[in-house]
Each structure stands twice: as structure tokens, then as C-alpha cells.
Amino acid sequence: MKRFKSVVLALSLVFVAFGTKANTTPDEGMWLPMLINKNYDEMKKIGFKLSADDIYNVNHSSLKDAIVSMGFCTGEMISKEGLMLTNHHCGYSSIQYNSSVEHDYLTDGFWAKSKEEELKAPAIVASFLVRMEDVTAKILMATKDASDTEKEAKLKEAIKAMTTEATKGTIYEADIKDVFGTNQYLMFVYERYRDVRLVGAPPESVGKFGGDTDNWMWPRHTGDFSMFRVYMSKDGKPAAYSKDNVPYEPKRHLSISLKGYKEGDFSMVMGYPGRTNRYAFSRELQNAVDQVNPALIKLNGKKLALMKADMDKDLAVRIKLASNYASLANSWKYYIGQNEGLKKLNVISGKQTLEKQFTAYANSSEDLKVAYANVMTNTDKLYDDYKPYVVRGLYLSTAGMSTVSVMMANSFKSLGDILIKAPIDTAALNKQVQRLKGNIDGQYKDYVPATDQKIFAALLTIYYQDIPADQQPAVLAEIIKKYKAKTPEAAFEKFAEAIFKRSIFTSKERAAAFLANPTAKAYQADLLVQYINKMMDFRNTYMSTVMAINAGLAKEKKAYIAGLLAMDPTKLVYPDANSTMRVSYGKVAGYTAKDAVVYNYYTTDRGLLEKYNPADEEFVLPAKLVSQLKQKDFGMYANEKGELPISFLTDNDITGGNSGSPVINGNGELIGAAYDGNWEAMTGDLVFDKNFKRTIVADIRYILFIVDKYAGATNLINEMTLVK
């Protein structure tokens with residue numbers, strides 16, 4: 001009874017902890033828009049001129065209605081005809097999807113001068129938030145009598161019932177997500193549009209200017225933007241792609257300011273940040289520094305090198321691999337920067353200090369001891385138990401199971417399971433065959449078997465060399481024994497050659513032939529299937545242990561977060577990002593990177609030309625743009641000094657998923673699109689550092705200059721609401 005009372009007290013404090021008094025810095029926080037009124041006084045002090053209702057309201061249009069979740073990035077409505085702005089790197093896969101050797105939109109850019117010229121972008125779904133609701137009480141009621149083993153099933157059942165009820169009789173869809181480590185549950189209701197079309201994109205020499213060298217760096221001169229249009233049925237509802245569809249009419253679109261900004265001006269970002277982990281345990285971060293990040297850097301670095309070598313040799317290969325390469329390169333550099341930052345900024349010692357404070361608080365009363373006193377002891381034991389499995393699991397997934405060929409084979413697993421189970425369920429079989437036949441063209445469209453074969457062999461070699469023999473799957477030794485060669489590397493190359501020569505799944509033609517006559521014998525005899533099964537058999541020897549450890553850590557994390565919130569119930573707090581809409585606010589601001597290195601808050605055409613180098617693929621520019629920059633004919637897009645602003649900095653709190661998010665001034669007007677963070681704050685997902693954390697933004701004036709003056713797409717400019 002005493003324990004129950006203590007836990008209820010702690011949980012009640014969690015919900016109160018949305019707070020009455022703000023004591024975070026103004027620039028810190030990814031805030032839930034339905035509670036933004038609690039931040040309003042602070043926002044007003046630093047320059048916000050609208051009301052809290054102008055940000056989030058379910059009864060009339062508000063800024064939330066102009067913000068689009070793309071699932072992996074953020075976009076914003078910039079016209080009443082459904083025109084959406086986002087980053088170039090967010091639209092990259094759609095640009096690549098429509099590119100070919102004959103129409104290389106990656107290199108040349110693409111501009112639809114009419115709606116009829118717009119191209120399909122099937123990977124993008126545009127989701128608009130209708131409303132959000134705290135459903136914690138309902139979840140707790142539905143799961144209150146469930147045991148630990150029953151709770152997950154009860155939770156899923158409750159979520160399904162609540163989302164079904166919330167969307168019954170509507171065109172809406174709903175998700176329920178936990179925040180504060182499952183201490184609270186929120187429901188998000190969306191309107192989702194699946195007919196989205198590519199409207200415009202600059203050449204990648206503009207959209208990716210600076211390449212991997214400048215990625216995560218300041219100063220930046222990247223025109224990181226692309227444009228899409230959302231479509232709806234003629235009766236105004238979400239609909240699948242159809243030529244009869246009409247442009248979506250948003251409840252709100254953003255006006256665009258050409259007035260610019262100065263250092264210290266208010267800035268606000270609205271978007272869908274992906275994941276932060278600011279309540280991480282110190283042991284979790286120690287694992288990242290010592291084991292996880294070095295392994296990811298090594299393995300992904302090898303993949304990138306092999307991909308780049310083949311891309312440089314063949315334009316068709318470059319186009320096919322471009323999107324995957326860009327995504328992987330971004331992650332690879334992120335982990336390098338995060339490891340540097342964890343060490344440089346002493347993040348782990350900071351977490352350890354907080355954990356000591358938590359333990360002292362936990363022991364400050366008998367009630368608190370019952371709820372929290374053992375949290376850190378239990379956590380340390382769980383991480384001790386987890387240590388042998390960290391790299392073992394990472395290498396299996398990243399070195400052994402991450403190649404495209406493995407993913408191809410895994411996409412056929414449901415069909416394979418039906419085939420090998422007697423008697424065969426004919427209806428289920430036919431359904432799976434039709435599904436796979438419908439997907440086969442898209443699935444193999446960008447597949448480059450020759451490159452994947454090299455990656456497959458190279459990663460297995462690293463796996464064999466890096467992981468102790470008693471922690472490896474037996475299949476690695478079997479390969480070396482069977483494919484006799486002078487070195488393990490040569491044996492894995494011979495194994496990869498055999499798979500890519502014979503497997504059903506490493507060839508579109510062989511996969512299609514199999515689907516025409518699928519048999520259990522052919523499936524089970526496939527060399528790649530046999531390899532995957534052996535890998536999974538090895539994984540199964542330890543996964544139950546890992547899952548139990550993870551469940552234990554989740555339980556301790558829930559108590560830890562509840563305790564942290566209870567330590568200071570007057571503090572206005574925000575939950576970790578989880579791909580739901582958030583608001584962050586701050587100001588336009590430069591920063592001091594290190595002793596005697598002080599960065600200005602914006603970049604201009606001058607710096608773009610200074611970096612321009614026609615001999616370096618990362619810093620090349622189109623000849624037409626170079627000429628225009630030299631002529632300095634910037635028209636209404638120049639600032640008061642006659643410069644063309646390219647990018648600028650704010651101290652807004654963002655993370656991955658915020659890419660493409662609108663950066664909005666105090667009047668609620670668009671001044672740029674967020675596209676990156678800075679190198680000095682690569683630990684931003686784990687801890688907020690007000691001295692270094694910055695958001696890098698593509699200035700809307702440079703974006704419009706490219707659209708108007710460079711591309712001549714005045715049809716798009718004419719749609720927008722410009723404020724001069």
C-alpha cells in the first residue's frame with residue numbers, strides 16, 4: 001500500500017510538471033503546441049507578437065494547420081493551392097525516383113511551370129494535425145489490473161479502441177504515443193493526404209552545395225530546399241493519386257517575409273522532431289562512446305566508400321544509389337560528431353552528477369525511497385548484464401543483415417512462411433504473391449547487385465575480424481571452411497559471388513520467375529535464405545535475454561523520469577521528441593565556437609562565390625547562377641546592404657525530423673527553412689547546450705531568388721503571399 005501511494009504521488013507530479021514557472025532558457029525546449037499558452041509570457045518577452053491561439057487552436061485555423069508531417073521530415077504550406085516547401089534533402093528520394101540518365105533531375109534540377117508538369121512523389125504522405133489530446137487517464141484505467149506480462153496486450157487493445165472511437169465516421173487517422181518514458185500518453189489525430197507531387201527542386205550543386213564536407217558545419221551556403229504540391233479529391237478529401245484530383249486547400253498557409261531579420265530577433269520553429277534522448281542514463285551514453293558509435297562509424301564508412309567508388313564510375317549507378325548514399329553519409333558524420341561532442345562537452349559526467357542528485361532526492365524521505373531508491377542500483381546491474389550483447393547485436397544487424405539483398409529476401413519471408421507450412425493456405429499464398437508482384441518494379445528499381453555484393457563480402461569480413469569467435473554466428477566459420485581461399489576476405493567474396501549468382505532475390509528476373517511458380521523447395525534451397533535463417537538462429541540464442549534487459553531498463557527509466565520531474569515540480573518541462581508536432585522558440589543568434597573563433601549569424605552571396613570551386617564536385621555551381629551572383633542582380637531578395645542572404649542561425653532547439661521546418665518571425669511569417677544543426681552541438685539529442693546549440697536555416701530570400709531569378713518559375717512566386 002505504501003509503495004502504491006508513493007508511485008501515484010510521483011505520477012501525479014509528472015502531469016503537474018508541465019509547470020507553473022519557467023526556468024529553462026528561452027531557446028531550450030521542444031514544446032507541445034496544445035500547452036504552448038504556458039510558454040506565452042516568455043515568448044512575448046522575446047518578441048512574439050501573436051497569441052497562443054494563433055499557434056494551436058482546434059476551433060479555427062492556426063499556424064499548426066500550415067505545418068506538414070512528411071513522416072521523416074517537415075514541410076509547410078506556402079500557398080492557398082497546396083504548395084509545400086521543405087528541404088532538398090527531404091525531397092531527395094522523390095527527385096531521385098523521377099530521375100534517369102535521360103532526365104537527370106538530381107544534377108539539373110526540376111521545375112514544373114504548370115501543374116500538369118508536376119511529377120509523382122509516392123513516398124511522401126502529407127499529414128496535417130487536427131488535434132491532440134491527453135489520454136493518460138484512459139490508458140491507466142484500461143491497464144490498471146494487468147500484470148507485467150499482460151500489460152502490453154492490454155495497452156495495444158486500449159490504443160486500438162481509443163483511436164477507432166476518435167476517428168469513427170471521419171476521414172481522420174489517429175496515433176497514440178507515450179511521453180516522459182510511458183508516464184503519459186497523448187493521442188494525435190491527423191488528416192493524411194497521399195497524392196503529393198514534385199513541383200520544383202534546384203540542381204544538387206545548389207541543394208547540396210558543400211556536400212559531406214560542409215554537412216553539420218557553419219558557415220553554410222546551401223540552398224537546401226524543394227517544393228511539392230498536396231492534392232485532394234474534388235470533394236475535398238484525401239485520395240490516392242488521380243489525374244482528376246485537385247490542389248489541396250489548406251486551412252492556413254504561411255505568409256513569406258522579405259523584410260529579413262537582425263541578430264536577437266524572435267524566431268520560432270514548428271515541426272516534427274524525430275527522437276531525442278535527454279533523459280538518457282550515463283551508462284547508456286558510455287556504451288555509445290565506447291562501443292556503439294565507433295562500430296557504426298567503421299561499418300557505415302566502409303559501405304559509403306564502396307558505394308562512392310561505383311557511383312563515380314557510372315552515372316546510372318550514381319542516380320540509383322544517390323538517395324541511400326546521402327542518408328547514410330548524413331548518419332555516419334552524425335555519429336562522428338556525437339562521439340567528439342560527448343567527450344569534449346563532458347556530457348557523461350554531467351549525467352552522472354544528475355544521477356547523484358536523483359539518488360540523494362530518492363533517499364530524502366521514506367515514501368521516495370520506496371519509489372526511487374533502487375533505480376540507479378538496478379540500472380547499473382542491468383547495464384552490466386547488457387555489456388556482452390551490445391556490439392554482438394550491433395554487428396549482426398549492421399554487418400550481417402543490413403545489405404539490400406538481405407532486405408529483399410526478408411520482404412519475401414511472409415510468402416516463404418506460407419509455402420513451408422502444410423497444408424498451404426491458398427488464399428493467403430495468392431494474396432502475398434499479388435502483393436509482391438505489385439511491388440517488384442519499385443523494389444528493384446534502384447537495386448545495384450554488383451555494389452551490394454561488394455558490401456556484403458566486405459561487411460562479413462569486418463564482422464569476422466572484429467568480433468570474438470565465441471560471439472559470432474557459426475555460419476561465418478562455415479563459410480570460410482566451405483569456400484576455401486587464402487584469406488577470410490577471399491572466402492567471403494566467393495560466398496557473396498555464389499549468392500548473387502544464384503539467389504532468387506538478387507535478380508528481379510529470378511524473383512519474378514519465382515513468383516510465377518513459388519515452391520517451398522525453391523525457397524528453402526535458396527542460399528541467401530539459408531544464410532539469413534542461420535543468422536536469425538544465432539540471434540535467437542540471446543534475444544530473449546536482451547529483451548528482458550531492455551524491459552527492465554524501460555521500467556527503471558520510467559521511474560527515473562518521474563522522479564526527475566518530481567524533484568522540481570515548478571519547472572516548466574518538455575518531453576523528448578517522438579515525431580509529434582512541437583514548437584521551439586528563441587532568437588536569431590551567432591555563436592563563439594572556440595577561443596577566437598566567433599561566427600556571424602548569416603552568410604551571403606560573397607561566401608558562396610568564395611567557396612565555389614569548379615574542380616570540386618562538392619563546391620561546384622551552375623554557370624548561370626555564378627554569372628547571376630557576380631552581377632549582383634538580386635532584386636527584391638537583397639537585404640538592406642545589397643547582399644543576397646544565403647543561410648542564417650537561430651538558437652532554436654531542433655533535431656532530426658525538423659528538417660524542412662518553417663522558421664517563423666514574431667509576426668508569424670516565414671523567414672526560412674531549417675535544414676541542419678552545427679558541429680559544436682552534435683550532442684544536442686542528448687543534452688541542450690545554450691552556448692553551442694544552433695539551427696542552420698536556408699534564408700527564404702535565397703530560396704525565392706533561386707525559384708524566381710535562376711529557375712524562372714514565376715508561376716510559383718505568384719502563388720505565394722509575400723510581405724515586403
# chains A, B, ... in the order shown; residues from 1 in each chain; ligands from 1
call {"tool": "select_by_dssp", "arguments": {"residues": "segment 555-672 of chain A", "states": "strand (DSSP E)", "output": "list in words"}}
result
Arg582, Val583, Ser584, Tyr585, Gly586, Lys587, Tyr591, Thr592, Ala593, Lys594, Val597, Val598, Tyr599, Tyr602, Thr603, Thr604, Pro645, Ile646, Ser647, Phe648, Leu649, Thr650, Pro662, Val663, Ile664, Leu670, Ile671 and Gly672 of chain A
call {"tool": "write_last_selection", "arguments": {"atoms": "C-alpha atoms", "output": "PDB file, in the first residue's frame"}}
result
ATOM      1  CA  ARG A 582       6.499  20.568 -31.365  1.00  0.00           C
ATOM      2  CA  VAL A 583       7.189  24.280 -31.071  1.00  0.00           C
ATOM      3  CA  SER A 584      10.587  25.726 -30.210  1.00  0.00           C
ATOM      4  CA  TYR A 585      11.310  29.413 -29.799  1.00  0.00           C
ATOM      5  CA  GLY A 586      14.377  31.574 -29.377  1.00  0.00           C
ATOM      6  CA  LYS A 587      16.197  34.169 -31.412  1.00  0.00           C
ATOM      7  CA  TYR A 591      27.969  31.960 -31.560  1.00  0.00           C
ATOM      8  CA  THR A 592      31.542  31.544 -30.391  1.00  0.00           C
ATOM      9  CA  ALA A 593      32.777  28.110 -31.475  1.00  0.00           C
ATOM     10  CA  LYS A 594      36.052  28.209 -29.529  1.00  0.00           C
ATOM     11  CA  VAL A 597      36.503  31.738 -33.399  1.00  0.00           C
ATOM     12  CA  VAL A 598      33.342  33.857 -33.496  1.00  0.00           C
ATOM     13  CA  TYR A 599      30.683  33.151 -36.112  1.00  0.00           C
ATOM     14  CA  TYR A 602      24.229  34.910 -41.511  1.00  0.00           C
ATOM     15  CA  THR A 603      26.052  34.143 -44.760  1.00  0.00           C
ATOM     16  CA  THR A 604      25.817  35.854 -48.152  1.00  0.00           C
ATOM     17  CA  PRO A 645      21.417  36.315 -47.699  1.00  0.00           C
ATOM     18  CA  ILE A 646      22.006  32.580 -48.100  1.00  0.00           C
ATOM     19  CA  SER A 647      21.677  30.988 -44.642  1.00  0.00           C
ATOM     20  CA  PHE A 648      21.315  32.155 -41.059  1.00  0.00           C
ATOM     21  CA  LEU A 649      21.488  30.863 -37.494  1.00  0.00           C
ATOM     22  CA  THR A 650      18.990  30.711 -34.657  1.00  0.00           C
ATOM     23  CA  PRO A 662       9.462  26.651 -41.113  1.00  0.00           C
ATOM     24  CA  VAL A 663      11.408  29.261 -39.199  1.00  0.00           C
ATOM     25  CA  ILE A 664       8.861  31.936 -38.328  1.00  0.00           C
ATOM     26  CA  LEU A 670       8.100  32.570 -42.834  1.00  0.00           C
ATOM     27  CA  ILE A 671      11.737  33.703 -42.921  1.00  0.00           C
ATOM     28  CA  GLY A 672      13.473  30.399 -43.746  1.00  0.00           C
TER      29      GLY A 672
END
call {"tool": "residues_around", "arguments": {"residues": "Val546 of chain A", "least_positions_apart": "6", "cutoff": "12 Å", "atoms": "only C-alpha atoms", "output": "list in words"}}
result
Leu382, Tyr383, Asp384, Asp385, Tyr386, Lys387, Pro388, Tyr389, Val390, Arg392, Gly393, Arg539, Asn540, Gly552 and Leu553 of chain A
call {"tool": "residues_around", "arguments": {"residues": "segment 92-98 of chain A", "least_positions_apart": "4", "cutoff": "12 Å", "atoms": "only C-alpha atoms", "output": "ChimeraX atom specification"}}
result
/A:72-73,86-88,102-111,118-125,196-204,207-208,224-228,316-327,442-443,445-446
call {"tool": "residues_around", "arguments": {"residues": "Asp54 of chain A", "least_positions_apart": "3", "cutoff": "9 Å", "atoms": "only C-alpha atoms", "output": "list in words"}}
result
Leu50, Ser51, Asn57, Ser61, Ser62, Leu63, Lys64 and Gly668 of chain A
call {"tool": "write_last_selection", "arguments": {"atoms": "N, CA and C atoms", "output": "tab-separated table (two decimals), in the first residue's frame"}}
result
chain	number	residue	atom	x	y	z
A	50	LEU	N	1.99	37.43	-31.78
A	50	LEU	CA	0.67	36.83	-31.95
A	50	LEU	C	0.20	36.26	-30.62
A	51	SER	N	-0.93	35.58	-30.64
A	51	SER	CA	-1.46	34.95	-29.43
A	51	SER	C	-1.12	33.47	-29.43
A	57	ASN	N	-5.02	25.90	-32.30
A	57	ASN	CA	-6.43	26.01	-31.97
A	57	ASN	C	-7.18	24.96	-32.78
A	61	SER	N	-8.66	28.17	-37.71
A	61	SER	CA	-7.35	27.93	-38.31
A	61	SER	C	-6.26	28.57	-37.45
A	62	SER	N	-5.12	27.92	-37.41
A	62	SER	CA	-3.96	28.40	-36.67
A	62	SER	C	-2.71	27.95	-37.41
A	63	LEU	N	-1.56	28.36	-36.91
A	63	LEU	CA	-0.31	28.03	-37.60
A	63	LEU	C	-0.12	26.52	-37.73
A	64	LYS	N	-0.64	25.74	-36.77
A	64	LYS	CA	-0.49	24.28	-36.85
A	64	LYS	C	-1.04	23.72	-38.15
A	668	GLY	N	4.58	35.79	-37.18
A	668	GLY	CA	4.01	34.56	-37.74
A	668	GLY	C	4.32	34.36	-39.20
call {"tool": "residues_around", "arguments": {"residues": "Gly75 of chain A", "least_positions_apart": "6", "cutoff": "8 Å", "atoms": "only C-alpha atoms", "output": "PDB file with N, CA and C atoms, in the first residue's frame"}}
result
ATOM      1  N   ILE A  67       1.476  23.347 -41.032  1.00  0.00           N
ATOM      2  CA  ILE A  67       2.661  22.515 -40.806  1.00  0.00           C
ATOM      3  C   ILE A  67       2.363  21.079 -41.211  1.00  0.00           C
ATOM      4  N   VAL A  68       3.262  20.480 -41.975  1.00  0.00           N
ATOM      5  CA  VAL A  68       3.051  19.160 -42.558  1.00  0.00           C
ATOM      6  C   VAL A  68       4.068  18.164 -42.014  1.00  0.00           C
ATOM      7  N   SER A  69       3.571  17.043 -41.524  1.00  0.00           N
ATOM      8  CA  SER A  69       4.466  15.920 -41.236  1.00  0.00           C
ATOM      9  C   SER A  69       4.615  15.094 -42.501  1.00  0.00           C
ATOM     10  N   MET A  84       3.878  23.194 -51.038  1.00  0.00           N
ATOM     11  CA  MET A  84       4.599  22.855 -49.810  1.00  0.00           C
ATOM     12  C   MET A  84       6.095  23.050 -50.004  1.00  0.00           C
ATOM     13  N   LEU A  85       6.706  23.712 -49.032  1.00  0.00           N
ATOM     14  CA  LEU A  85       8.156  23.901 -49.005  1.00  0.00           C
ATOM     15  C   LEU A  85       8.765  22.937 -48.000  1.00  0.00           C
ATOM     16  N   THR A  86       9.875  22.331 -48.370  1.00  0.00           N
ATOM     17  CA  THR A  86      10.652  21.511 -47.442  1.00  0.00           C
ATOM     18  C   THR A  86      12.112  21.585 -47.866  1.00  0.00           C
ATOM     19  N   ASN A  87      12.957  20.758 -47.295  1.00  0.00           N
ATOM     20  CA  ASN A  87      14.374  20.751 -47.671  1.00  0.00           C
ATOM     21  C   ASN A  87      14.619  19.953 -48.946  1.00  0.00           C
ATOM     22  N   GLY A 271       7.409  22.007 -36.117  1.00  0.00           N
ATOM     23  CA  GLY A 271       7.701  20.842 -36.945  1.00  0.00           C
ATOM     24  C   GLY A 271       7.559  19.553 -36.181  1.00  0.00           C
ATOM     25  N   GLY A 660      13.378  20.871 -42.851  1.00  0.00           N
ATOM     26  CA  GLY A 660      12.298  21.433 -43.652  1.00  0.00           C
ATOM     27  C   GLY A 660      11.336  22.281 -42.863  1.00  0.00           C
ATOM     28  N   SER A 661      11.467  22.279 -41.531  1.00  0.00           N
ATOM     29  CA  SER A 661      10.542  23.038 -40.689  1.00  0.00           C
ATOM     30  C   SER A 661      10.602  24.530 -40.996  1.00  0.00           C
ATOM     31  N   PRO A 662       9.449  25.204 -40.919  1.00  0.00           N
ATOM     32  CA  PRO A 662       9.462  26.651 -41.113  1.00  0.00           C
ATOM     33  C   PRO A 662      10.108  27.359 -39.929  1.00  0.00           C
TER      34      PRO A 662
END
call {"tool": "closest_atom_pairs", "arguments": {"of": "segment 612-712 of chain A", "to": "segment 557-579 of chain A", "cutoff": "12 Å", "atoms": "only C-alpha atoms", "output": "Markdown table"}}
result
| residue | atom | partner | partner_atom | distance |
| --- | --- | --- | --- | --- |
| A:Asp653 | CA | A:Ala577 | CA | 10.7 |
| A:Ile654 | CA | A:Ala577 | CA | 9.1 |
| A:Thr655 | CA | A:Ala577 | CA | 8.2 |
| A:Gly656 | CA | A:Ser579 | CA | 9.2 |
| A:Gly657 | CA | A:Ser579 | CA | 6.9 |
| A:Asn658 | CA | A:Ser579 | CA | 9.0 |
| A:Ser659 | CA | A:Ser579 | CA | 11.8 |
| A:Gly684 | CA | A:Asp576 | CA | 11.7 |
| A:Asp685 | CA | A:Asp576 | CA | 8.9 |
| A:Leu686 | CA | A:Asp576 | CA | 9.6 |
| A:Val687 | CA | A:Asp576 | CA | 10.7 |
| A:Phe688 | CA | A:Asp576 | CA | 11.7 |
call {"tool": "write_last_selection", "arguments": {"atoms": "N, CA and C atoms", "output": "compact mmCIF listing (two decimals), in the first residue's frame"}}
result
# COMPACT_ATOMS: atom_id res chain seq x y z
N ASP A 653 15.73 25.05 -30.63
CA ASP A 653 16.02 23.67 -30.24
C ASP A 653 15.33 22.73 -31.23
N ILE A 654 16.12 22.05 -32.07
CA ILE A 654 15.55 21.13 -33.07
C ILE A 654 16.38 19.85 -33.11
N THR A 655 15.87 18.89 -33.86
CA THR A 655 16.62 17.66 -34.11
C THR A 655 16.14 17.06 -35.43
N GLY A 656 16.66 15.86 -35.78
CA GLY A 656 16.24 15.19 -36.99
C GLY A 656 14.74 15.05 -37.04
N GLY A 657 14.16 15.26 -38.23
CA GLY A 657 12.71 15.29 -38.37
C GLY A 657 12.23 16.72 -38.49
N ASN A 658 13.00 17.67 -37.89
CA ASN A 658 12.72 19.09 -38.07
C ASN A 658 13.22 19.59 -39.41
N SER A 659 13.97 18.78 -40.13
CA SER A 659 14.44 19.21 -41.45
C SER A 659 13.26 19.67 -42.30
N GLY A 684 23.30 17.39 -29.20
CA GLY A 684 22.04 18.06 -28.92
C GLY A 684 20.87 17.13 -28.66
N ASP A 685 20.90 15.93 -29.21
CA ASP A 685 19.82 14.98 -28.93
C ASP A 685 19.88 14.47 -27.50
N LEU A 686 21.02 14.62 -26.85
CA LEU A 686 21.24 14.06 -25.52
C LEU A 686 21.23 15.13 -24.43
N VAL A 687 21.64 16.35 -24.79
CA VAL A 687 21.69 17.42 -23.80
C VAL A 687 21.66 18.75 -24.55
N PHE A 688 20.97 19.73 -23.99
CA PHE A 688 20.91 21.04 -24.62
C PHE A 688 22.02 21.92 -24.06
call {"tool": "atom_distance", "arguments": {"atom1": "atom CA of Tyr231 of chain A", "atom2": "atom CA of Leu704 of chain A"}}
result
22.7 Å
